file query.cif (mmCIF, C-alpha atoms)
data_my_file
#
loop_
_atom_site.label_atom_id
_atom_site.label_comp_id
_atom_site.auth_asym_id
_atom_site.auth_seq_id
_atom_site.Cartn_x
_atom_site.Cartn_y
_atom_site.Cartn_z
CA MET A 1 62.81 119.89 81.39
CA ILE A 2 66.16 118.71 82.66
CA PRO A 3 67.15 120.23 86.01
CA TYR A 4 70.50 122.03 85.86
CA VAL A 5 73.09 122.78 88.49
CA THR A 6 75.91 125.30 88.47
CA LEU A 7 79.39 124.29 89.52
CA SER A 8 82.86 125.69 89.10
CA ILE A 9 85.70 123.72 87.55
CA ASP A 10 89.10 125.42 87.72
CA GLY A 11 87.33 128.69 88.40
CA ALA A 12 85.01 128.52 85.38
CA LEU A 13 81.30 128.61 86.21
CA ILE A 14 79.61 125.78 84.34
CA LYS A 15 75.98 124.79 83.95
CA ALA A 16 75.52 121.05 83.87
CA ALA A 17 72.61 118.64 83.73
CA LYS A 18 71.88 116.96 87.04
CA GLY A 19 73.14 113.40 87.34
CA THR A 20 76.11 113.70 85.02
CA SER A 21 79.62 113.11 86.25
CA VAL A 22 82.20 115.85 86.73
CA LEU A 23 84.48 114.25 84.13
CA ASP A 24 81.75 114.21 81.46
CA VAL A 25 80.97 117.87 82.10
CA ALA A 26 84.64 118.83 82.00
CA ILE A 27 85.20 117.06 78.67
CA GLU A 28 82.07 118.65 77.25
CA TYR A 29 83.37 122.11 78.14
CA GLY A 30 86.87 121.39 76.84
CA ILE A 31 88.59 121.08 80.20
CA CYS A 32 91.12 118.35 79.68
CA ILE A 33 91.21 115.89 82.56
CA PRO A 34 93.37 112.87 81.65
CA HIS A 35 91.47 109.62 81.84
CA LEU A 36 91.87 106.03 80.74
CA CYS A 37 89.09 103.77 82.00
CA HIS A 38 86.24 106.17 81.17
CA VAL A 39 84.14 105.33 78.10
CA PRO A 40 81.15 107.53 77.20
CA ASN A 41 77.74 105.95 77.79
CA LEU A 42 79.14 103.22 80.01
CA SER A 43 79.07 103.13 83.79
CA ASP A 44 82.15 104.48 85.52
CA LEU A 45 84.38 102.36 87.66
CA GLY A 46 87.12 104.70 88.87
CA ALA A 47 89.68 102.01 88.08
CA CYS A 48 92.57 103.92 86.53
CA ARG A 49 92.51 106.83 89.03
CA LEU A 50 93.94 109.18 86.39
CA CYS A 51 90.96 111.52 86.42
CA ILE A 52 91.46 112.58 90.05
CA VAL A 53 90.41 116.13 90.96
CA GLU A 54 90.28 118.21 94.10
CA HIS A 55 86.76 118.66 95.42
CA VAL A 56 86.65 121.63 97.79
CA VAL A 57 84.11 121.28 100.61
CA ASN A 58 84.01 123.92 103.37
CA GLY A 59 87.49 125.11 102.50
CA ARG A 60 89.01 121.65 102.68
CA SER A 61 89.80 119.75 99.54
CA LYS A 62 89.28 116.06 99.02
CA VAL A 63 90.96 114.16 96.20
CA THR A 64 88.58 111.88 94.36
CA THR A 65 88.02 110.45 90.88
CA SER A 66 85.95 112.82 88.77
CA CYS A 67 84.32 110.03 86.74
CA THR A 68 82.48 108.70 89.78
CA LEU A 69 81.71 112.16 91.20
CA ARG A 70 78.22 113.45 90.35
CA VAL A 71 77.69 117.16 89.81
CA ARG A 72 75.99 119.11 92.59
CA GLU A 73 74.88 122.70 93.02
CA GLY A 74 77.70 125.02 94.07
CA MET A 75 80.43 122.42 93.75
CA VAL A 76 84.02 123.68 93.56
CA ILE A 77 86.38 121.46 91.55
CA ARG A 78 90.06 122.01 90.86
CA SER A 79 91.57 119.76 88.24
CA ASN A 80 95.01 121.21 87.66
CA THR A 81 96.62 122.10 90.98
CA GLU A 82 100.18 121.25 92.00
CA ARG A 83 98.91 118.53 94.35
CA ILE A 84 96.77 116.88 91.66
CA ARG A 85 99.52 117.05 89.06
CA HIS A 86 101.91 115.39 91.49
CA LEU A 87 99.50 112.58 92.38
CA ARG A 88 98.51 112.07 88.75
CA ARG A 89 102.13 111.85 87.66
CA ASN A 90 102.66 109.09 90.20
CA ILE A 91 99.61 107.17 89.02
CA ALA A 92 100.68 107.47 85.38
CA GLU A 93 104.15 106.29 86.36
CA LEU A 94 102.71 103.17 87.97
CA LEU A 95 100.51 102.51 84.94
CA VAL A 96 103.38 102.80 82.49
CA ALA A 97 105.54 100.55 84.67
CA GLN A 98 102.78 97.95 84.70
CA ALA A 99 102.15 98.04 80.95
CA PRO A 100 104.78 99.95 78.93
CA ASN A 101 103.88 98.08 75.76
CA SER A 102 101.04 100.39 74.80
CA ARG A 103 101.10 103.63 72.93
CA ALA A 104 97.98 104.82 74.72
CA ILE A 105 99.57 104.39 78.13
CA GLN A 106 102.93 105.81 77.02
CA ASP A 107 101.09 108.88 75.72
CA ILE A 108 99.19 109.30 78.95
CA ALA A 109 102.45 109.10 80.90
CA VAL A 110 103.96 111.90 78.81
CA ARG A 111 100.78 113.91 79.10
CA CYS A 112 100.88 113.60 82.90
CA GLY A 113 104.50 114.72 83.00
CA VAL A 114 106.31 111.45 83.72
CA LYS A 115 110.00 112.03 83.03
CA LYS A 116 111.41 108.81 84.41
CA VAL A 117 109.99 105.58 85.77
CA ARG A 118 111.22 104.67 89.23
CA TYR A 119 109.44 101.31 89.36
CA PRO A 120 110.52 98.07 87.69
CA PHE A 121 108.77 97.47 84.36
CA ARG A 122 106.41 94.53 84.53
CA ASN A 123 105.29 94.40 80.88
CA GLU A 124 101.86 93.02 81.69
CA ASN A 125 99.16 92.80 79.05
CA CYS A 126 96.44 94.35 81.18
CA VAL A 127 96.00 97.29 83.52
CA LEU A 128 92.53 96.15 84.69
CA CYS A 129 90.83 99.29 83.40
CA GLY A 130 87.66 97.26 82.89
CA ARG A 131 86.71 98.85 79.56
CA CYS A 132 86.21 95.46 77.91
CA VAL A 133 84.23 94.04 80.82
CA ARG A 134 81.87 96.98 80.94
CA VAL A 135 81.28 97.25 77.21
CA CYS A 136 80.56 93.52 77.08
CA SER A 137 77.97 93.63 79.83
CA GLU A 138 76.43 97.05 79.29
CA MET A 139 76.50 97.74 75.57
CA TRP A 140 76.13 94.18 74.26
CA GLN A 141 74.39 92.59 77.24
CA ALA A 142 76.57 89.56 76.65
CA LYS A 143 78.57 89.27 79.89
CA ALA A 144 81.02 86.90 78.25
CA ILE A 145 84.04 88.23 80.15
CA GLY A 146 84.41 89.42 83.69
CA PHE A 147 86.88 90.00 86.48
CA VAL A 148 88.16 86.78 87.99
CA GLY A 149 90.11 86.40 91.20
CA ARG A 150 91.11 88.93 93.76
CA GLY A 151 93.90 91.31 94.65
CA LYS A 152 97.11 90.70 92.72
CA ASP A 153 95.60 87.63 91.05
CA ARG A 154 92.72 89.63 89.56
CA LYS A 155 92.44 89.33 85.80
CA VAL A 156 89.92 89.54 82.98
CA ASP A 157 88.78 86.12 81.89
CA THR A 158 85.86 84.05 80.69
CA PRO A 159 84.28 81.54 83.11
CA PHE A 160 86.57 78.51 83.54
CA SER A 161 88.97 80.10 81.00
CA GLN A 162 87.03 78.46 78.16
CA PRO A 163 85.53 80.24 75.16
CA SER A 164 82.24 81.62 76.36
CA GLU A 165 78.92 80.68 74.81
CA ALA A 166 77.67 84.17 75.63
CA CYS A 167 80.29 85.82 73.40
CA LYS A 168 78.82 87.45 70.28
CA ARG A 169 82.22 87.79 68.56
CA CYS A 170 81.67 91.53 68.22
CA GLY A 171 85.28 92.38 69.03
CA THR A 172 84.39 95.57 70.91
CA CYS A 173 86.50 94.46 73.87
CA ILE A 174 89.55 94.53 71.59
CA ASP A 175 88.55 97.86 70.03
CA LEU A 176 88.39 99.51 73.43
CA CYS A 177 91.50 97.94 74.92
CA PRO A 178 94.34 100.43 75.48
CA MET A 179 96.85 97.62 75.02
CA THR A 180 96.04 97.01 71.35
CA ILE A 181 97.93 100.09 70.13
CA THR A 182 101.63 99.29 70.07
CA PRO A 183 104.25 101.98 70.75
CA CYS A 184 105.51 103.99 67.75
CA ASP A 185 108.77 102.02 67.62
CA GLY A 186 106.98 98.68 67.63
CA PRO A 187 106.36 96.24 70.47
CA MET A 188 108.91 96.18 73.27
CA LYS A 189 110.68 92.95 74.14
CA PRO A 190 110.59 91.75 77.74
CA GLY A 191 113.55 93.20 79.61
CA GLU A 192 113.96 96.07 77.14
CA GLU A 193 111.06 98.25 78.20
CA TYR A 194 111.56 101.98 78.40
CA LEU A 195 109.60 105.18 78.75
CA CYS A 196 109.08 106.38 75.19
CA GLY A 197 108.70 110.10 75.87
CA LYS A 198 109.09 111.13 72.24
CA CYS A 199 106.05 113.36 72.34
CA GLU A 200 107.49 115.39 75.19
CA SER A 201 108.27 118.31 72.88
CA GLN A 202 104.55 118.85 72.49
CA MET A 203 104.17 119.37 76.21
CA MET A 204 105.88 122.80 76.01
CA GLU A 205 103.08 124.11 73.86
CA ALA A 206 100.48 122.61 76.15
CA ASN A 207 101.98 124.24 79.23
CA SER A 208 102.27 127.65 77.60
CA SER A 209 98.67 127.62 76.38
CA PRO A 210 96.69 125.51 78.84
CA ASP A 211 93.37 126.28 77.16
CA GLN A 212 94.42 124.31 74.11
CA CYS A 213 93.80 120.60 74.18
CA ILE A 214 96.72 118.50 73.00
CA TRP A 215 95.00 115.28 73.93
CA CYS A 216 94.08 114.52 70.32
CA ASP A 217 97.62 115.05 69.03
CA LEU A 218 99.19 113.11 71.82
CA GLY A 219 96.71 110.28 72.18
CA GLU A 220 96.59 110.13 68.36
CA GLY A 221 93.05 108.99 68.10
CA PHE A 222 92.88 107.04 71.30
CA GLN A 223 91.15 109.35 73.72
CA CYS A 224 89.30 111.88 71.62
CA GLY A 225 88.74 110.12 68.31
CA ARG A 226 88.81 106.47 69.20
CA TYR A 227 87.00 106.23 72.50
CA MET B 1 76.93 65.02 89.03
CA PRO B 2 74.28 64.14 91.58
CA GLY B 3 71.48 66.42 90.49
CA ARG B 4 69.18 65.63 93.38
CA GLU B 5 71.37 67.22 96.04
CA LEU B 6 71.69 70.32 93.91
CA ASP B 7 67.93 70.41 93.44
CA SER B 8 67.35 70.33 97.19
CA ILE B 9 69.85 73.19 97.63
CA LEU B 10 68.17 75.27 94.95
CA GLU B 11 64.64 74.44 96.17
CA GLY B 12 62.71 77.62 96.90
CA ARG B 13 65.62 79.83 95.86
CA ARG B 14 65.25 79.79 92.08
CA SER B 15 65.22 83.16 90.28
CA GLN B 16 66.51 84.93 93.38
CA PRO B 17 69.89 86.43 92.42
CA HIS B 18 70.49 87.81 95.93
CA GLN B 19 70.70 84.23 97.26
CA LEU B 20 73.87 83.58 95.23
CA ILE B 21 76.40 83.45 98.06
CA GLU B 22 74.19 81.34 100.34
CA VAL B 23 73.61 78.83 97.52
CA LEU B 24 77.33 78.66 96.73
CA GLN B 25 78.10 78.12 100.43
CA ASP B 26 75.63 75.23 100.54
CA VAL B 27 77.09 73.71 97.37
CA GLN B 28 80.58 74.02 98.82
CA GLU B 29 79.48 72.35 102.05
CA ASN B 30 77.77 69.54 100.17
CA PHE B 31 80.46 68.70 97.61
CA GLY B 32 83.56 70.04 99.39
CA TYR B 33 84.25 72.35 96.44
CA LEU B 34 82.37 74.07 93.61
CA PRO B 35 82.14 71.74 90.60
CA GLU B 36 81.87 73.32 87.17
CA ASP B 37 78.49 71.71 86.46
CA ALA B 38 77.13 72.99 89.76
CA ILE B 39 78.27 76.54 88.99
CA ARG B 40 76.58 76.38 85.59
CA ALA B 41 73.40 74.98 87.16
CA VAL B 42 73.38 77.66 89.86
CA SER B 43 73.82 80.35 87.22
CA ARG B 44 70.87 79.03 85.23
CA ALA B 45 68.61 78.51 88.25
CA LEU B 46 69.21 81.86 89.93
CA GLY B 47 69.25 83.86 86.70
CA VAL B 48 72.73 85.27 87.38
CA PRO B 49 75.15 85.46 84.41
CA LEU B 50 77.82 82.77 84.50
CA THR B 51 80.60 85.39 84.55
CA GLU B 52 79.22 86.87 87.74
CA VAL B 53 78.85 83.52 89.49
CA TYR B 54 82.39 82.59 88.47
CA GLY B 55 83.64 86.01 89.57
CA VAL B 56 82.10 85.59 93.02
CA ALA B 57 83.31 82.00 93.33
CA SER B 58 86.88 82.96 92.44
CA PHE B 59 86.84 86.11 94.57
CA TYR B 60 86.24 84.61 98.00
CA LYS B 61 88.89 82.44 99.62
CA ALA B 62 86.13 80.42 101.28
CA PHE B 63 85.16 78.95 97.91
CA SER B 64 87.33 76.39 96.18
CA LEU B 65 87.10 75.67 92.46
CA LYS B 66 89.34 72.63 92.67
CA PRO B 67 88.38 69.36 94.38
CA ARG B 68 89.57 69.21 97.96
CA GLY B 69 90.76 66.24 99.97
CA LYS B 70 88.81 64.45 102.67
CA ASN B 71 90.85 66.24 105.33
CA VAL B 72 91.38 69.95 104.84
CA ILE B 73 94.29 71.25 106.90
CA THR B 74 94.33 75.00 107.17
CA ILE B 75 97.50 76.63 108.46
CA CYS B 76 97.28 80.19 109.68
CA THR B 77 100.06 82.38 108.31
CA GLY B 78 98.88 85.63 109.86
CA THR B 79 101.32 87.95 111.60
CA ALA B 80 101.15 86.38 115.06
CA CYS B 81 101.30 82.82 113.75
CA HIS B 82 104.08 83.76 111.31
CA VAL B 83 106.19 85.12 114.16
CA ARG B 84 105.67 81.93 116.10
CA GLY B 85 106.77 79.72 113.23
CA ALA B 86 103.88 79.09 110.83
CA ARG B 87 106.44 78.77 108.02
CA LEU B 88 107.86 75.65 109.74
CA LEU B 89 104.38 74.14 109.97
CA LEU B 90 103.74 74.80 106.28
CA ASN B 91 107.09 73.22 105.39
CA GLN B 92 106.31 70.22 107.61
CA ALA B 93 102.90 69.65 106.04
CA THR B 94 103.99 70.16 102.42
CA GLY B 95 107.07 68.01 102.97
CA GLN B 96 105.17 65.18 104.66
CA LEU B 97 102.36 65.06 102.12
CA GLY B 98 104.37 66.09 99.07
CA VAL B 99 101.89 68.65 97.71
CA ALA B 100 101.91 72.41 97.34
CA PRO B 101 99.47 74.52 99.36
CA GLY B 102 96.04 74.61 97.74
CA GLU B 103 96.45 71.21 96.09
CA MET B 104 95.11 67.80 96.91
CA THR B 105 97.20 64.69 97.55
CA GLU B 106 96.93 61.98 94.91
CA ASP B 107 94.92 59.64 97.15
CA GLY B 108 92.38 62.40 97.78
CA MET B 109 92.98 62.35 101.54
CA PHE B 110 94.52 65.76 102.25
CA THR B 111 94.47 69.35 101.11
CA ILE B 112 96.76 71.92 102.68
CA GLU B 113 95.63 75.51 102.67
CA HIS B 114 96.99 78.63 104.22
CA VAL B 115 94.91 81.56 105.38
CA ASN B 116 95.95 84.98 106.54
CA CYS B 117 94.29 85.02 109.95
CA LEU B 118 91.89 82.83 111.86
CA GLY B 119 91.32 85.41 114.59
CA ALA B 120 92.87 83.29 117.34
CA CYS B 121 96.22 85.05 117.48
CA ALA B 122 96.73 84.46 121.22
CA LEU B 123 96.67 80.70 120.58
CA GLY B 124 99.13 80.77 117.69
CA PRO B 125 100.41 79.10 115.70
CA VAL B 126 96.95 77.82 114.83
CA VAL B 127 96.05 74.92 112.54
CA THR B 128 92.50 73.84 111.80
CA GLU B 129 91.70 70.37 110.64
CA ASN B 130 88.24 69.95 109.09
CA GLY B 131 86.96 72.93 111.05
CA SER B 132 88.28 71.96 114.49
CA CYS B 133 91.00 74.17 115.85
CA HIS B 134 94.41 73.08 117.15
CA HIS B 135 96.35 75.67 119.16
CA HIS B 136 100.07 76.13 119.90
CA MET B 137 101.04 73.85 117.04
CA ALA B 138 104.57 72.63 116.49
CA PRO B 139 105.95 70.69 113.51
CA GLY B 140 106.07 67.52 115.64
CA LYS B 141 102.47 67.85 116.76
CA LEU B 142 101.38 68.52 113.19
CA ARG B 143 103.23 65.43 111.96
CA LYS B 144 101.43 63.28 114.53
CA LEU B 145 98.09 64.86 113.62
CA ILE B 146 98.58 64.10 109.92
CA THR B 147 99.74 60.56 110.66
CA SER B 148 96.75 59.88 112.89
CA LEU B 149 94.34 61.27 110.28
CA ASN B 150 96.02 59.14 107.62
CA GLY B 151 95.73 56.05 109.84
CA LYS B 152 92.04 56.69 110.48
CA GLY B 153 91.42 57.11 106.76
CA GLU B 154 93.15 53.83 105.93
CA ALA B 155 91.30 52.01 108.72
CA THR B 156 87.93 53.05 107.33
CA HIS B 157 89.06 52.18 103.81
CA ALA B 158 89.98 48.60 104.80
#

call {"tool": "encode", "arguments": {"input": "query.cif", "output": "structure tokens"}}
result
Amino acid sequence: MIPYVTLSIDGALIKAAKGTSVLDVAIEYGICIPHLCHVPNLSDLGACRLCIVEHVVNGRSKVTTSCTLRVREGMVIRSNTERIRHLRRNIAELLVAQAPNSRAIQDIAVRCGVKKVRYPFRNENCVLCGRCVRVCSEMWQAKAIGFVGRGKDRKVDTPFSQPSEACKRCGTCIDLCPMTITPCDGPMKPGEEYLCGKCESQMMEANSSPDQCIWCDLGEGFQCGRY
Amino acid sequence: MPGRELDSILEGRRSQPHQLIEVLQDVQENFGYLPEDAIRAVSRALGVPLTEVYGVASFYKAFSLKPRGKNVITICTGTACHVRGARLLLNQATGQLGVAPGEMTEDGMFTIEHVNCLGACALGPVVTENGSCHHHMAPGKLRKLITSLNGKGEATHA
């Protein structure tokens, strides 16, 4: 028999199997915590920082990523406070400035309430979410790609930048990449990047009925359907 | 690729993934850098995937994936050294040798590198040459150092 613990997320008392992460439990119970780097059945990295929540311990709250936080008995989690929304909006703003050329990331930015981007657009092809690296090593046991370099020079690459012998040509890395879905109006040219924000009208509905998940409409198959 | 040296490095450490960094340090010490063949051999011998070995090798500044010159000149560009004119030293060295930092001169004699702190801030600006430390450097002193190293190299060549 699986041992269970009881925790509260946004005031709702929830029974969860021991050892699962707070994010997994929240998704299972329909509590919508925005996330990007999380993929079910893969290890969690806490790379995108979008899934931050407040973890209340002894009356003080700590902000931490819910995907790397394991459930414990009597835990108190708040996922939708003013502080969290503010921090999450900032993180989404940085992500969309780094890689505006992706529908998935544009959608996440709208979902997190980004109205305007205060940072220069970089138009990079990668946000280092690590989905491809983890699926390659954990699901396919291939380890053909990995993180190379450090700090601002960090990137995803094969050893010596040559085609890897370990690659099984499965293409899962491309399937999971948030950069493979282009924005609705087509790819953006360098120097002409902008915050799309066309789905913002849907946010009204989401704010007036917070129990309804708009993730599927907004992510259009990225988060809920196409993991 | 001299396989014998690599064999002696790997001796007694095969199939021990936790020895990865020690082995890479020994390879670096032996060859001056990490050759591609050596990285592949280390990956096979220790049973660590090639991606992970390459990731570790590219992560640490102490490892170099490109061949390095006979004399490695490391210029500290940490805060204290920067304030005392490390930029001038870097300009002097790159100008005199005609290479960018991190690259090797064509004759294979010099490599210029810059690091963020050597931990000897009171002695700044600091330059190390093949591991030995030179304190209170000035562009003039650095020029003489490079010239003397160059002269020594040519003398042994002849």

call {"tool": "resolve_selection", "arguments": {"input": "query.cif", "expression": "the PyMOL selection byres ((chain A) within 7 of (chain B))", "output": "ChimeraX atom specification"}}
result
/A:143-150,158-159

call {"tool": "atom_distance", "arguments": {"input": "query.cif", "atom1": "atom CA of Leu88 of chain B", "atom2": "atom CA of Ala62 of chain B"}}
result
23.8 Å

call {"tool": "residues_around", "arguments": {"input": "query.cif", "residues": "Val110 of chain A", "least_positions_apart": "2", "cutoff": "8 Å", "atoms": "all atoms listed in the file", "output": "number ranges by chain"}}
result
A: 106-108, 112-115, 197, 199-200, 203

call {"tool": "resolve_selection", "arguments": {"input": "query.cif", "expression": "the PyMOL selection byres ((chain B and resi 23) around 12)", "output": "PyMOL selection string"}}
result
chain B and resi 5-22+24-30+34+38-39+41-43+45-46+53+56-57+63

call {"tool": "atom_distance", "arguments": {"input": "query.cif", "atom1": "atom CA of Cys48 of chain A", "atom2": "atom CA of His35 of chain A"}}
result
7.5 Å

call {"tool": "atom_distance", "arguments": {"input": "query.cif", "atom1": "atom CA of Arg134 of chain A", "atom2": "atom CA of His38 of chain A"}}
result
10.2 Å

call {"tool": "closest_residue", "arguments": {"input": "query.cif", "among": "A:Leu87, A:Leu23, A:Val127, A:Ala104", "to": "Thr65 of chain A", "atoms": "only C-alpha atoms"}}
result
A:Leu23

call {"tool": "residues_near_point", "arguments": {"input": "query.cif", "point": "(94.6, 97.2, 76.3)", "cutoff": "8 Å", "atoms": "only C-alpha atoms", "output": "list in words"}}
result
Ser102, Asn125, Cys126, Val127, Ile174, Leu176, Cys177, Pro178, Met179, Thr180 and Ile181 of chain A

call {"tool": "resolve_selection", "arguments": {"input": "query.cif", "expression": "the PyMOL selection byres ((chain A and resi 129) around 7)", "output": "PyMOL selection string"}}
result
chain A and resi 37+47-48+127-128+130-131

call {"tool": "residues_around", "arguments": {"input": "query.cif", "residues": "Thr105 of chain B", "least_positions_apart": "6", "cutoff": "12 Å", "atoms": "all atoms listed in the file", "output": "JSON, numbers by chain"}}
result
{"B": [67, 68, 69, 70, 71, 72, 73, 93, 94, 95, 96, 97, 98, 99, 111, 112, 150]}

call {"tool": "residues_around", "arguments": {"input": "query.cif", "residues": "Val63 of chain A", "least_positions_apart": "4", "cutoff": "9 Å", "atoms": "all atoms listed in the file", "output": "JSON, numbers by chain"}}
result
{"A": [52, 53, 54, 55, 56, 84]}

call {"tool": "decode", "arguments": {"input": "query.cif", "residues": "segment 85-102 of chain B", "atoms": "N, CA and C atoms", "output": "PDB file, in the first residue's frame"}}
result
ATOM      1  N   GLY B  85      44.962  47.756 -13.130  1.00  0.00           N
ATOM      2  CA  GLY B  85      45.415  47.825 -14.527  1.00  0.00           C
ATOM      3  C   GLY B  85      45.633  46.498 -15.217  1.00  0.00           C
ATOM      4  N   ALA B  86      44.815  45.479 -14.911  1.00  0.00           N
ATOM      5  CA  ALA B  86      44.972  44.195 -15.597  1.00  0.00           C
ATOM      6  C   ALA B  86      44.663  44.314 -17.081  1.00  0.00           C
ATOM      7  N   ARG B  87      43.761  45.258 -17.429  1.00  0.00           N
ATOM      8  CA  ARG B  87      43.390  45.459 -18.825  1.00  0.00           C
ATOM      9  C   ARG B  87      44.625  45.811 -19.663  1.00  0.00           C
ATOM     10  N   LEU B  88      45.522  46.668 -19.069  1.00  0.00           N
ATOM     11  CA  LEU B  88      46.744  47.061 -19.771  1.00  0.00           C
ATOM     12  C   LEU B  88      47.641  45.843 -20.013  1.00  0.00           C
ATOM     13  N   LEU B  89      47.698  44.970 -18.999  1.00  0.00           N
ATOM     14  CA  LEU B  89      48.536  43.776 -19.133  1.00  0.00           C
ATOM     15  C   LEU B  89      48.010  42.889 -20.259  1.00  0.00           C
ATOM     16  N   LEU B  90      46.666  42.730 -20.285  1.00  0.00           N
ATOM     17  CA  LEU B  90      46.049  41.882 -21.299  1.00  0.00           C
ATOM     18  C   LEU B  90      46.321  42.466 -22.691  1.00  0.00           C
ATOM     19  N   ASN B  91      46.189  43.805 -22.805  1.00  0.00           N
ATOM     20  CA  ASN B  91      46.471  44.452 -24.081  1.00  0.00           C
ATOM     21  C   ASN B  91      47.928  44.246 -24.488  1.00  0.00           C
ATOM     22  N   GLN B  92      48.832  44.396 -23.513  1.00  0.00           N
ATOM     23  CA  GLN B  92      50.262  44.223 -23.779  1.00  0.00           C
ATOM     24  C   GLN B  92      50.540  42.823 -24.317  1.00  0.00           C
ATOM     25  N   ALA B  93      50.002  41.819 -23.622  1.00  0.00           N
ATOM     26  CA  ALA B  93      50.284  40.430 -23.996  1.00  0.00           C
ATOM     27  C   ALA B  93      49.671  40.089 -25.352  1.00  0.00           C
ATOM     28  N   THR B  94      48.392  40.475 -25.549  1.00  0.00           N
ATOM     29  CA  THR B  94      47.748  40.147 -26.829  1.00  0.00           C
ATOM     30  C   THR B  94      48.416  40.905 -27.974  1.00  0.00           C
ATOM     31  N   GLY B  95      48.812  42.160 -27.710  1.00  0.00           N
ATOM     32  CA  GLY B  95      49.464  42.945 -28.746  1.00  0.00           C
ATOM     33  C   GLY B  95      50.832  42.376 -29.108  1.00  0.00           C
ATOM     34  N   GLN B  96      51.601  41.981 -28.085  1.00  0.00           N
ATOM     35  CA  GLN B  96      52.960  41.505 -28.326  1.00  0.00           C
ATOM     36  C   GLN B  96      52.961  40.158 -29.052  1.00  0.00           C
ATOM     37  N   LEU B  97      52.003  39.301 -28.676  1.00  0.00           N
ATOM     38  CA  LEU B  97      52.002  37.954 -29.253  1.00  0.00           C
ATOM     39  C   LEU B  97      51.040  37.829 -30.431  1.00  0.00           C
ATOM     40  N   GLY B  98      50.133  38.791 -30.567  1.00  0.00           N
ATOM     41  CA  GLY B  98      49.235  38.777 -31.713  1.00  0.00           C
ATOM     42  C   GLY B  98      48.184  37.680 -31.677  1.00  0.00           C
ATOM     43  N   VAL B  99      47.762  37.270 -30.500  1.00  0.00           N
ATOM     44  CA  VAL B  99      46.675  36.284 -30.407  1.00  0.00           C
ATOM     45  C   VAL B  99      45.626  36.772 -29.415  1.00  0.00           C
ATOM     46  N   ALA B 100      44.423  36.252 -29.574  1.00  0.00           N
ATOM     47  CA  ALA B 100      43.353  36.583 -28.634  1.00  0.00           C
ATOM     48  C   ALA B 100      43.503  35.719 -27.392  1.00  0.00           C
ATOM     49  N   PRO B 101      42.952  36.169 -26.256  1.00  0.00           N
ATOM     50  CA  PRO B 101      43.012  35.337 -25.053  1.00  0.00           C
ATOM     51  C   PRO B 101      42.362  33.984 -25.289  1.00  0.00           C
ATOM     52  N   GLY B 102      42.984  32.937 -24.775  1.00  0.00           N
ATOM     53  CA  GLY B 102      42.459  31.581 -24.948  1.00  0.00           C
ATOM     54  C   GLY B 102      42.999  30.884 -26.174  1.00  0.00           C
TER      55      GLY B 102
END
